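Peer 1: Dumping the structure here so I can ask a few things about it.
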Amino acid sequence: MSGERLDVANLGWHGLDGDRRLAFHRAGHRGGFPWLTASRLPELILFAPQRRGPAAVSGNLPTHVRTPEGEELALFGQELATEVGRRHGSPVEMMHLNRGIFDEASISVITSATVGEIGRLAAQRPDVRRFRPNILIASLRSVPFEEDEWVGGALSFGEADEAAAIGITNRDERCSMVNLDPGSAGPAAEVLKAIVRVRDNKAGVYGTVTRRGRLAVGQPIFFEPAAIVDKQNGELPVGSSPFDDRGGEPRT
C-alpha cells in the first residue's frame with residue numbers, strides 16, 4: 001500500500017519495526033509468492049494505512065486503512081478484505097507476519113540526489129515514494145547514484161558508539177513498481193527505462209542490520225568503507241566520513 005512517512009523509527013534485526021509485516025494472501029494460491037502486490041493491482045498503492053485509538057501510541061501496526069475514496073476500514077475487518085478482493089477479482093485475506101516480507105534484504109536505502117536524477121532522466125516529477133525506501137539520505141556530496149560506492153561498507157545513524165548501523169550488501173535491482181505514480185497509480189514506463197539505460201536497472205542499495213537502534217530525521221549519518229586487507233597485518237579499517245547533518249529520513 002502507500003508508504004508511511006516517519007519522524008522516528010526503531011531499527012531491529014528484521015528491519016524497521018512494523019515494516020512490511022502485513023500482506024494480503026491470495027486465497028487458493030499455493031505458489032512461492034502468494035501475496036497480492038501493486039504489480040498485480042496498481043490501485044493498491046492508493047490505499048493508505050492509518051492509526052486510530054490507543055494502538056496509535058502503543059503499537060507499530062496501523063489499525064485502519066483509508067481507501068482511495070476516503071473510507072476508513074478496520075485493518076483485519078472483512079470489509080477491507082472484501083473491497084480489495086473485489087478490485088483484484090478474487091478473494092484475499094489480511095495476514096500479519098512477525099518478521100516481514102522482503103525482496104532481498106530488510107533495509108533499502110536511496111539518496112535524494114539519485115531520486116532527482118532519475119526524475120530528470122525520465123522527464124517525471126521526482127518522487128521518492130516511487131522507490132519505496134526505508135531510508136532517504138541527503139548526502140553532502142549530492143552525487144546521483146553515490147550509493148553504488150557504499151556496497152561492502154556500513155552506515156551508522158548517530159554519533160554514539162551504540163548507534164544503529166547497517167551493512168550495505170548490494171545494489172537494488174528495480175522492477176515495474178517504480179513506474180507507478182504514487183498519487184494516481186498511473187504507469188510511466190519512462191522511469192524504469194531510464195534506470196535500465198543509465199544504471200543497468202539498479203538504483204539505491206540494500207542493507208542488513210548489524211546493530212539495532214533508533215533512526216530519526218535530522219540525525220547525522222556516517223559511512224565506513226569496507227576494510228582494506230593488508231596481507232601481513234590483517235584488516236586495516238578505513239576511517240568514517242560524515243554525511244549531511246540533515247541526516248536520513250526513515251520510511252516504511
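Note on naming: chains are A, B, ... as they come in the C-alpha cells, residues start from 1 per chain, ligands start from 1 in the order shown.
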Can you list, as number ranges by chain, all residues belonging to segment 71-193 of chain A that DSSP tags as strand (DSSP E)?
Peer 2: A: 72-74, 92-96, 107-111, 135-137, 154-157, 164-173
Peer 1: Which residues of segment 53-108 of chain A have any atom within 7 Å of an atom in segment 23-40 of chain A when counting only C-alpha atoms, and what is the closest pair of atoms for each, with the distance in Å to one decimal? Order the rows by chain and rising number and write it as CSV.
Peer 2:
```
residue,atom,partner,partner_atom,distance
A:Pro91,CA,A:Ala27,CA,5.6
A:Val92,CA,A:Arg26,CA,4.7
A:Glu93,CA,A:His25,CA,5.1
A:Met94,CA,A:Phe24,CA,4.5
A:Met95,CA,A:Ala23,CA,5.5
A:His96,CA,A:Ala23,CA,6.8
```
Peer 1: Hey, can you spit out that residue selection with all heavy atoms as a PDB file, in the first residue's frame?
Peer 2:
```pdb
ATOM      1  N   PRO A  91     -10.743 -13.604  -3.987  1.00  0.00           N
ATOM      2  CA  PRO A  91     -10.668 -13.341  -2.543  1.00  0.00           C
ATOM      3  C   PRO A  91      -9.234 -13.176  -2.038  1.00  0.00           C
ATOM      4  O   PRO A  91      -8.294 -13.798  -2.534  1.00  0.00           O
ATOM      5  CB  PRO A  91     -11.324 -14.584  -1.925  1.00  0.00           C
ATOM      6  CG  PRO A  91     -12.138 -15.182  -3.023  1.00  0.00           C
ATOM      7  CD  PRO A  91     -11.408 -14.886  -4.287  1.00  0.00           C
ATOM      8  N   VAL A  92      -9.103 -12.324  -1.014  1.00  0.00           N
ATOM      9  CA  VAL A  92      -7.824 -12.142  -0.328  1.00  0.00           C
ATOM     10  C   VAL A  92      -8.073 -12.132   1.172  1.00  0.00           C
ATOM     11  O   VAL A  92      -9.192 -11.904   1.631  1.00  0.00           O
ATOM     12  CB  VAL A  92      -7.121 -10.828  -0.741  1.00  0.00           C
ATOM     13  CG1 VAL A  92      -6.787 -10.830  -2.214  1.00  0.00           C
ATOM     14  CG2 VAL A  92      -7.978  -9.618  -0.383  1.00  0.00           C
ATOM     15  N   GLU A  93      -7.004 -12.361   1.938  1.00  0.00           N
ATOM     16  CA  GLU A  93      -7.091 -12.362   3.393  1.00  0.00           C
ATOM     17  C   GLU A  93      -5.871 -11.643   3.958  1.00  0.00           C
ATOM     18  O   GLU A  93      -4.739 -11.928   3.569  1.00  0.00           O
ATOM     19  CB  GLU A  93      -7.130 -13.799   3.910  1.00  0.00           C
ATOM     20  CG  GLU A  93      -7.188 -13.900   5.429  1.00  0.00           C
ATOM     21  CD  GLU A  93      -7.086 -15.341   5.911  1.00  0.00           C
ATOM     22  OE1 GLU A  93      -6.741 -16.233   5.102  1.00  0.00           O
ATOM     23  OE2 GLU A  93      -7.346 -15.572   7.112  1.00  0.00           O
ATOM     24  N   MET A  94      -6.104 -10.710   4.879  1.00  0.00           N
ATOM     25  CA  MET A  94      -5.004  -9.996   5.515  1.00  0.00           C
ATOM     26  C   MET A  94      -4.267 -10.918   6.487  1.00  0.00           C
ATOM     27  O   MET A  94      -4.886 -11.642   7.265  1.00  0.00           O
ATOM     28  CB  MET A  94      -5.521  -8.773   6.272  1.00  0.00           C
ATOM     29  CG  MET A  94      -4.445  -7.976   6.980  1.00  0.00           C
ATOM     30  SD  MET A  94      -3.328  -7.129   5.827  1.00  0.00           S
ATOM     31  CE  MET A  94      -4.334  -5.684   5.417  1.00  0.00           C
ATOM     32  N   MET A  95      -2.925 -10.867   6.398  1.00  0.00           N
ATOM     33  CA  MET A  95      -2.114 -11.673   7.298  1.00  0.00           C
ATOM     34  C   MET A  95      -1.035 -10.811   7.948  1.00  0.00           C
ATOM     35  O   MET A  95      -0.546  -9.857   7.350  1.00  0.00           O
ATOM     36  CB  MET A  95      -1.467 -12.838   6.538  1.00  0.00           C
ATOM     37  CG  MET A  95      -2.454 -13.833   5.968  1.00  0.00           C
ATOM     38  SD  MET A  95      -1.648 -15.332   5.361  1.00  0.00           S
ATOM     39  CE  MET A  95      -1.095 -16.054   6.925  1.00  0.00           C
ATOM     40  N   HIS A  96      -0.666 -11.183   9.183  1.00  0.00           N
ATOM     41  CA  HIS A  96       0.379 -10.490   9.931  1.00  0.00           C
ATOM     42  C   HIS A  96       1.560 -11.442  10.079  1.00  0.00           C
ATOM     43  O   HIS A  96       1.417 -12.545  10.612  1.00  0.00           O
ATOM     44  CB  HIS A  96      -0.146 -10.076  11.306  1.00  0.00           C
ATOM     45  CG  HIS A  96       0.876  -9.435  12.174  1.00  0.00           C
ATOM     46  ND1 HIS A  96       0.776  -9.386  13.546  1.00  0.00           N
ATOM     47  CD2 HIS A  96       2.046  -8.799  11.867  1.00  0.00           C
ATOM     48  CE1 HIS A  96       1.833  -8.760  14.046  1.00  0.00           C
ATOM     49  NE2 HIS A  96       2.615  -8.396  13.056  1.00  0.00           N
TER      50      HIS A  96
END
```
Peer 1: Determine which residues of segment 153-216 of chain A DSSP labels as helix (DSSP H, G or I) from the backbone of this structure, then write them out as number ranges by chain.
Peer 2: A: 176-179, 190-199
Peer 1: Would you output that residue set with N, CA, C and O atoms, as an mmCIF file, in the first residue's frame?
Peer 2:
```
data_model
loop_
_atom_site.group_PDB
_atom_site.id
_atom_site.type_symbol
_atom_site.label_atom_id
_atom_site.label_comp_id
_atom_site.auth_asym_id
_atom_site.auth_seq_id
_atom_site.Cartn_x
_atom_site.Cartn_y
_atom_site.Cartn_z
ATOM 1 N N SER A 176 8.939 -2.946 -12.265
ATOM 2 C CA SER A 176 7.961 -2.001 -12.811
ATOM 3 C C SER A 176 7.246 -1.181 -11.745
ATOM 4 O O SER A 176 6.536 -0.221 -12.080
ATOM 5 N N MET A 177 7.413 -1.510 -10.465
ATOM 6 C CA MET A 177 6.790 -0.724 -9.401
ATOM 7 C C MET A 177 7.184 0.743 -9.463
ATOM 8 O O MET A 177 6.392 1.618 -9.115
ATOM 9 N N VAL A 178 8.416 1.048 -9.900
ATOM 10 C CA VAL A 178 8.861 2.446 -9.949
ATOM 11 C C VAL A 178 8.092 3.240 -10.995
ATOM 12 O O VAL A 178 8.107 4.477 -10.970
ATOM 13 N N ASN A 179 7.421 2.557 -11.917
ATOM 14 C CA ASN A 179 6.652 3.253 -12.953
ATOM 15 C C ASN A 179 5.318 3.786 -12.454
ATOM 16 O O ASN A 179 4.697 4.623 -13.104
ATOM 17 N N GLU A 190 8.690 5.396 -18.671
ATOM 18 C CA GLU A 190 9.948 6.117 -18.833
ATOM 19 C C GLU A 190 10.858 5.994 -17.613
ATOM 20 O O GLU A 190 12.082 6.072 -17.730
ATOM 21 N N VAL A 191 10.269 5.810 -16.429
ATOM 22 C CA VAL A 191 11.069 5.763 -15.204
ATOM 23 C C VAL A 191 11.980 4.532 -15.204
ATOM 24 O O VAL A 191 13.199 4.640 -15.039
ATOM 25 N N LEU A 192 11.401 3.360 -15.373
ATOM 26 C CA LEU A 192 12.217 2.142 -15.387
ATOM 27 C C LEU A 192 13.160 2.134 -16.583
ATOM 28 O O LEU A 192 14.311 1.698 -16.468
ATOM 29 N N LYS A 193 12.696 2.625 -17.730
ATOM 30 C CA LYS A 193 13.561 2.666 -18.914
ATOM 31 C C LYS A 193 14.803 3.519 -18.656
ATOM 32 O O LYS A 193 15.905 3.174 -19.106
ATOM 33 N N ALA A 194 14.637 4.624 -17.938
ATOM 34 C CA ALA A 194 15.776 5.493 -17.635
ATOM 35 C C ALA A 194 16.783 4.777 -16.742
ATOM 36 O O ALA A 194 17.996 4.872 -16.949
ATOM 37 N N ILE A 195 16.294 4.037 -15.745
ATOM 38 C CA ILE A 195 17.191 3.307 -14.838
ATOM 39 C C ILE A 195 17.929 2.203 -15.591
ATOM 40 O O ILE A 195 19.132 1.991 -15.384
ATOM 41 N N VAL A 196 17.226 1.514 -16.470
ATOM 42 C CA VAL A 196 17.858 0.460 -17.271
ATOM 43 C C VAL A 196 18.935 1.064 -18.168
ATOM 44 O O VAL A 196 20.036 0.519 -18.299
ATOM 45 N N ARG A 197 18.621 2.207 -18.755
ATOM 46 C CA ARG A 197 19.529 2.825 -19.734
ATOM 47 C C ARG A 197 20.822 3.315 -19.102
ATOM 48 O O ARG A 197 21.910 3.117 -19.661
ATOM 49 N N VAL A 198 20.732 3.943 -17.933
ATOM 50 C CA VAL A 198 21.923 4.595 -17.382
ATOM 51 C C VAL A 198 22.590 3.835 -16.243
ATOM 52 O O VAL A 198 23.762 4.066 -15.955
ATOM 53 N N ARG A 199 21.854 2.908 -15.574
ATOM 54 C CA ARG A 199 22.439 2.247 -14.403
ATOM 55 C C ARG A 199 22.199 0.742 -14.393
ATOM 56 O O ARG A 199 22.171 0.122 -13.326
#
```
Peer 1: Compare A:Gly213, A:Gly119, A:Gly204, A:Pro182 by their minimum atom-to-atom distance to Glu162 of chain A, counting only C-alpha atoms, and give me the closest one.
Peer 2: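 When distances to Glu162 of chain A are compared using only C-alpha atoms, the smallest one comes from A:Gly213.
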Peer 1: So, counting only C-alpha atoms, which residue among A:Ala227, A:Leu73, A:Val143, A:Leu215 is closest to Gly12 of chain A?
Peer 2: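 The closest residue to Gly12 of chain A is A:Leu215.
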